[in-house]
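This is query.pdb (PDB, C-alpha atoms).
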MODEL        1
ATOM      1  CA  ASN B   1       6.270  -6.118  19.771  1.00  0.00           C
ATOM      2  CA  MET B   2       7.594  -9.038  17.728  1.00  0.00           C
ATOM      3  CA  HIS B   3       7.415 -11.376  20.716  1.00  0.00           C
ATOM      4  CA  THR B   4       4.264 -10.065  22.352  1.00  0.00           C
ATOM      5  CA  GLU B   5       1.365 -12.484  22.766  1.00  0.00           C
ATOM      6  CA  LEU B   6      -1.138 -12.101  19.935  1.00  0.00           C
ATOM      7  CA  GLY B   7      -4.126 -11.063  22.071  1.00  0.00           C
ATOM      8  CA  THR B   8      -2.076  -8.406  23.845  1.00  0.00           C
ATOM      9  CA  LEU B   9      -0.614  -7.175  20.565  1.00  0.00           C
ATOM     10  CA  ILE B  10      -4.066  -6.764  18.994  1.00  0.00           C
ATOM     11  CA  LYS B  11      -5.310  -4.875  22.091  1.00  0.00           C
ATOM     12  CA  GLN B  12      -2.373  -2.464  21.833  1.00  0.00           C
ATOM     13  CA  ILE B  13      -2.900  -1.957  18.106  1.00  0.00           C
ATOM     14  CA  ASN B  14      -6.637  -1.404  18.593  1.00  0.00           C
ATOM     15  CA  ALA B  15      -5.998   1.241  21.270  1.00  0.00           C
ATOM     16  CA  LYS B  16      -3.637   3.080  18.923  1.00  0.00           C
ATOM     17  CA  LEU B  17      -6.025   2.737  15.976  1.00  0.00           C
ATOM     18  CA  VAL B  18      -9.005   4.070  17.936  1.00  0.00           C
ATOM     19  CA  GLY B  19      -6.928   7.010  19.159  1.00  0.00           C
ATOM     20  CA  HIS B  20      -5.840   7.786  15.601  1.00  0.00           C
ATOM     21  CA  PHE B  21      -9.388   7.453  14.263  1.00  0.00           C
ATOM     22  CA  ARG B  22     -10.784   9.700  17.010  1.00  0.00           C
ATOM     23  CA  TYR B  23      -8.184  12.388  16.321  1.00  0.00           C
ATOM     24  CA  TYR B  24      -8.324  12.321  12.531  1.00  0.00           C
ATOM     25  CA  GLY B  25     -11.905  11.073  12.093  1.00  0.00           C
ATOM     26  CA  VAL B  26     -13.543  14.239  10.828  1.00  0.00           C
ATOM     27  CA  THR B  27     -16.047  14.517   8.006  1.00  0.00           C
ATOM     28  CA  ASP B  28     -13.844  14.889   4.925  1.00  0.00           C
ATOM     29  CA  ASN B  29     -11.028  12.579   6.043  1.00  0.00           C
ATOM     30  CA  SER B  30     -12.693   9.184   5.573  1.00  0.00           C
ATOM     31  CA  ASN B  31     -10.376   8.160   2.715  1.00  0.00           C
ATOM     32  CA  GLY B  32      -7.320   9.005   4.799  1.00  0.00           C
ATOM     33  CA  ILE B  33      -8.327   7.014   7.869  1.00  0.00           C
ATOM     34  CA  HIS B  34      -9.460   4.020   5.791  1.00  0.00           C
ATOM     35  CA  THR B  35      -6.091   4.049   4.012  1.00  0.00           C
ATOM     36  CA  PHE B  36      -4.298   4.234   7.362  1.00  0.00           C
ATOM     37  CA  GLY B  37      -6.321   1.254   8.654  1.00  0.00           C
ATOM     38  CA  TYR B  38      -5.441  -0.731   5.538  1.00  0.00           C
ATOM     39  CA  CYS B  39      -1.737   0.076   5.919  1.00  0.00           C
ATOM     40  CA  VAL B  40      -1.823  -1.068   9.542  1.00  0.00           C
ATOM     41  CA  ARG B  41      -3.450  -4.363   8.476  1.00  0.00           C
ATOM     42  CA  ARG B  42      -0.737  -4.957   5.849  1.00  0.00           C
ATOM     43  CA  LYS B  43       2.073  -4.120   8.272  1.00  0.00           C
ATOM     44  CA  LEU B  44       0.570  -6.440  10.915  1.00  0.00           C
ATOM     45  CA  PHE B  45       0.454  -9.218   8.313  1.00  0.00           C
ATOM     46  CA  GLU B  46       4.135  -8.628   7.508  1.00  0.00           C
ATOM     47  CA  ILE B  47       5.127  -8.573  11.183  1.00  0.00           C
ATOM     48  CA  LEU B  48       3.243 -11.796  11.935  1.00  0.00           C
ATOM     49  CA  ASN B  49       4.887 -13.427   8.916  1.00  0.00           C
ATOM     50  CA  ARG B  50       8.332 -12.522  10.240  1.00  0.00           C
ATOM     51  CA  ARG B  51       7.816 -14.385  13.515  1.00  0.00           C
ATOM     52  CA  SER B  52       9.120 -17.632  12.066  1.00  0.00           C
ATOM     53  CA  GLN B  53      11.817 -18.655   9.578  1.00  0.00           C
ATOM     54  CA  LYS B  54       9.343 -19.265   6.755  1.00  0.00           C
ATOM     55  CA  LYS B  55       6.230 -17.651   5.344  1.00  0.00           C
ATOM     56  CA  SER B  56       3.751 -19.339   7.608  1.00  0.00           C
ATOM     57  CA  LEU B  57       0.763 -17.007   7.319  1.00  0.00           C
ATOM     58  CA  THR B  58      -1.386 -16.580   4.221  1.00  0.00           C
ATOM     59  CA  TRP B  59      -4.027 -13.919   3.640  1.00  0.00           C
ATOM     60  CA  GLU B  60      -6.724 -16.536   4.261  1.00  0.00           C
ATOM     61  CA  GLY B  61      -5.118 -17.439   7.570  1.00  0.00           C
ATOM     62  CA  PHE B  62      -4.795 -13.761   8.426  1.00  0.00           C
ATOM     63  CA  ALA B  63      -8.505 -13.263   7.672  1.00  0.00           C
ATOM     64  CA  LYS B  64      -9.366 -16.095  10.090  1.00  0.00           C
ATOM     65  CA  LEU B  65      -7.062 -14.552  12.661  1.00  0.00           C
ATOM     66  CA  THR B  66      -8.730 -11.154  12.358  1.00  0.00           C
ATOM     67  CA  ASP B  67     -12.117 -12.851  12.719  1.00  0.00           C
ATOM     68  CA  ARG B  68     -10.962 -14.151  16.083  1.00  0.00           C
ATOM     69  CA  PHE B  69      -9.113 -10.960  17.085  1.00  0.00           C
ATOM     70  CA  PRO B  70     -10.862  -8.134  15.185  1.00  0.00           C
ATOM     71  CA  LEU B  71      -9.092  -4.876  14.453  1.00  0.00           C
ATOM     72  CA  ALA B  72     -10.804  -1.547  15.068  1.00  0.00           C
ATOM     73  CA  LYS B  73     -12.793  -0.196  12.130  1.00  0.00           C
ATOM     74  CA  ALA B  74     -12.203   3.277  10.755  1.00  0.00           C
ATOM     75  CA  ARG B  75     -15.135   5.607  11.322  1.00  0.00           C
ATOM     76  CA  ILE B  76     -15.962   9.284  11.426  1.00  0.00           C
ATOM     77  CA  TYR B  77     -16.289  10.649  14.965  1.00  0.00           C
ATOM     78  CA  VAL B  78     -16.804  14.376  14.291  1.00  0.00           C
ATOM     79  CA  ASN B  79     -19.239  15.850  11.777  1.00  0.00           C
ATOM     80  CA  ILE B  80     -18.025  19.358  11.041  1.00  0.00           C
ATOM     81  CA  TYR B  81     -21.159  20.266   9.057  1.00  0.00           C
ATOM     82  CA  GLY B  82     -23.779  19.456  11.642  1.00  0.00           C
TER      83      GLY B  82
ENDMDL
END
This entry written out as structure tokens:
Amino acid sequence: NMHTELGTLIKQINAKLVGHFRYYGVTDNSNGIHTFGYCVRRKLFEILNRRSQKKSLTWEGFAKLTDRFPLAKARIYVNIYG
């Protein structure tokens, strides 16, 4: 996925994130899925930084990039108490 076009890469990541959030998104697991979403964001930042020979992407630039190509948000899909 290092050489995949950015729009396609984000679509693939979003599909995997939504699948993970739907499977693990039960009532008492909100901390776990939010942590997983954060780890995916950090790893995506690292991968995008490794595409060139130098550190070309800052966190501000990454924030602008995720504004244009938003990542899926972690949410609870199953309420086990109701």
Residues picked by the PyMOL selection byres ((chain B and resi 22) around 10) here, as an mmCIF file with C-alpha atoms, keeping the file's coordinate frame?
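The file below, out-v4.cif, is the result:
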data_model
loop_
_atom_site.group_PDB
_atom_site.id
_atom_site.type_symbol
_atom_site.label_atom_id
_atom_site.label_comp_id
_atom_site.auth_asym_id
_atom_site.auth_seq_id
_atom_site.Cartn_x
_atom_site.Cartn_y
_atom_site.Cartn_z
ATOM 1 C CA LYS B 16 -3.637 3.080 18.923
ATOM 2 C CA LEU B 17 -6.025 2.737 15.976
ATOM 3 C CA VAL B 18 -9.005 4.070 17.936
ATOM 4 C CA GLY B 19 -6.928 7.010 19.159
ATOM 5 C CA HIS B 20 -5.840 7.786 15.601
ATOM 6 C CA PHE B 21 -9.388 7.453 14.263
ATOM 7 C CA TYR B 23 -8.184 12.388 16.321
ATOM 8 C CA TYR B 24 -8.324 12.321 12.531
ATOM 9 C CA GLY B 25 -11.905 11.073 12.093
ATOM 10 C CA VAL B 26 -13.543 14.239 10.828
ATOM 11 C CA ILE B 33 -8.327 7.014 7.869
ATOM 12 C CA ALA B 74 -12.203 3.277 10.755
ATOM 13 C CA ARG B 75 -15.135 5.607 11.322
ATOM 14 C CA ILE B 76 -15.962 9.284 11.426
ATOM 15 C CA TYR B 77 -16.289 10.649 14.965
ATOM 16 C CA VAL B 78 -16.804 14.376 14.291
#
Work out how far apart CA of Phe36 in chain B and CA of Thr4 in chain B are and give it in Å to one decimal.
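So the two atoms, CA of Phe36 in chain B and CA of Thr4 in chain B, lie 22.4 Å apart.
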List, as a VMD selection string, every residue that the PyMOL selection byres ((chain B and resi 46) around 12) selects in the file provided.
chain B and resid 2 39 to 45 47 to 52 54 to 59 62
Given the choices B:Ala63, B:Asp28, B:Gln12, B:Glu5, which gets closest to Tyr81 in chain B if the distance is worked out from only C-alpha atoms?
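Checking each of B:Ala63, B:Asp28, B:Gln12, B:Glu5 against Tyr81 in chain B, counting only C-alpha atoms, the winner is B:Asp28.
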From the list B:His34, B:Thr27, B:Glu60, B:Leu71, which residue is nearest Lys11 in chain B when using all atoms listed in the file?
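Of B:His34, B:Thr27, B:Glu60, B:Leu71, the one nearest Lys11 in chain B is B:Leu71, counting all atoms listed in the file.
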Which is closer to Phe69 in chain B than all the others in B:Ser30, B:Asn1, B:Gln53, B:Asn14, using all atoms listed in the file?
B:Asn14
Pick out the closest residue to Ile10 in chain B from this set: B:Gly82, B:Gly37, B:Gly32, B:Pro70. Count only C-alpha atoms.
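Of B:Gly82, B:Gly37, B:Gly32, B:Pro70, the one nearest Ile10 in chain B is B:Pro70, counting only C-alpha atoms.
Across the model, the gap from CA of Ala15 in chain B to CA of Asn29 in chain B is 19.6 Å.
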Taking only C-alpha atoms into account, which of B:Ile80, B:Arg68, B:Tyr38, B:Lys73 comes nearest Leu6 in chain B?
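Distance minimum relative to Leu6 in chain B lands on B:Arg68.
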Edge lengths and centre in Å, axis-aligned, range 78-81 of chain B plus 4 Å each side, as JSON:
{"center_x": -19.0, "center_y": 17.3, "center_z": 11.7, "size_x": 12.4, "size_y": 13.9, "size_z": 13.2}
Please supply range 42-59 of chain B, rebuilt with N, CA and C atoms, as a short mmCIF file (atom, residue, chain, number, x, y, z; two decimals), in the coordinates of the input.
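Dumped everything to part21.cif:
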data_model
loop_
_atom_site.label_atom_id
_atom_site.label_comp_id
_atom_site.auth_asym_id
_atom_site.auth_seq_id
_atom_site.Cartn_x
_atom_site.Cartn_y
_atom_site.Cartn_z
N ARG B 42 -1.83 -4.38 6.65
CA ARG B 42 -0.74 -4.96 5.85
C ARG B 42 0.54 -5.09 6.66
N LYS B 43 0.86 -4.08 7.46
CA LYS B 43 2.07 -4.12 8.27
C LYS B 43 1.95 -5.20 9.35
N LEU B 44 0.78 -5.37 9.93
CA LEU B 44 0.57 -6.44 10.92
C LEU B 44 0.76 -7.81 10.27
N PHE B 45 0.26 -7.97 9.05
CA PHE B 45 0.45 -9.22 8.31
C PHE B 45 1.94 -9.49 8.10
N GLU B 46 2.70 -8.46 7.71
CA GLU B 46 4.14 -8.63 7.51
C GLU B 46 4.85 -8.98 8.81
N ILE B 47 4.49 -8.31 9.89
CA ILE B 47 5.13 -8.57 11.18
C ILE B 47 4.83 -9.99 11.65
N LEU B 48 3.59 -10.44 11.50
CA LEU B 48 3.24 -11.80 11.94
C LEU B 48 3.92 -12.83 11.06
N ASN B 49 4.18 -12.51 9.81
CA ASN B 49 4.89 -13.43 8.92
C ASN B 49 6.37 -13.52 9.27
N ARG B 50 6.91 -12.52 9.90
CA ARG B 50 8.33 -12.52 10.24
C ARG B 50 8.62 -13.21 11.57
N ARG B 51 7.60 -13.73 12.23
CA ARG B 51 7.82 -14.38 13.52
C ARG B 51 8.48 -15.74 13.39
N SER B 52 8.48 -16.33 12.24
CA SER B 52 9.12 -17.63 12.07
C SER B 52 10.11 -17.54 10.90
N GLN B 53 10.80 -18.64 10.62
CA GLN B 53 11.82 -18.66 9.58
C GLN B 53 11.23 -18.73 8.17
N LYS B 54 9.96 -19.11 8.07
CA LYS B 54 9.34 -19.26 6.76
C LYS B 54 8.06 -18.47 6.69
N LYS B 55 7.52 -18.33 5.52
CA LYS B 55 6.23 -17.65 5.34
C LYS B 55 5.13 -18.58 5.81
N SER B 56 4.70 -18.39 7.03
CA SER B 56 3.75 -19.34 7.61
C SER B 56 2.31 -18.84 7.58
N LEU B 57 2.10 -17.58 7.26
CA LEU B 57 0.76 -17.01 7.32
C LEU B 57 0.34 -16.56 5.93
N THR B 58 -0.83 -17.02 5.49
CA THR B 58 -1.39 -16.58 4.22
C THR B 58 -2.46 -15.53 4.51
N TRP B 59 -2.97 -14.91 3.44
CA TRP B 59 -4.03 -13.92 3.64
C TRP B 59 -5.31 -14.58 4.15
#
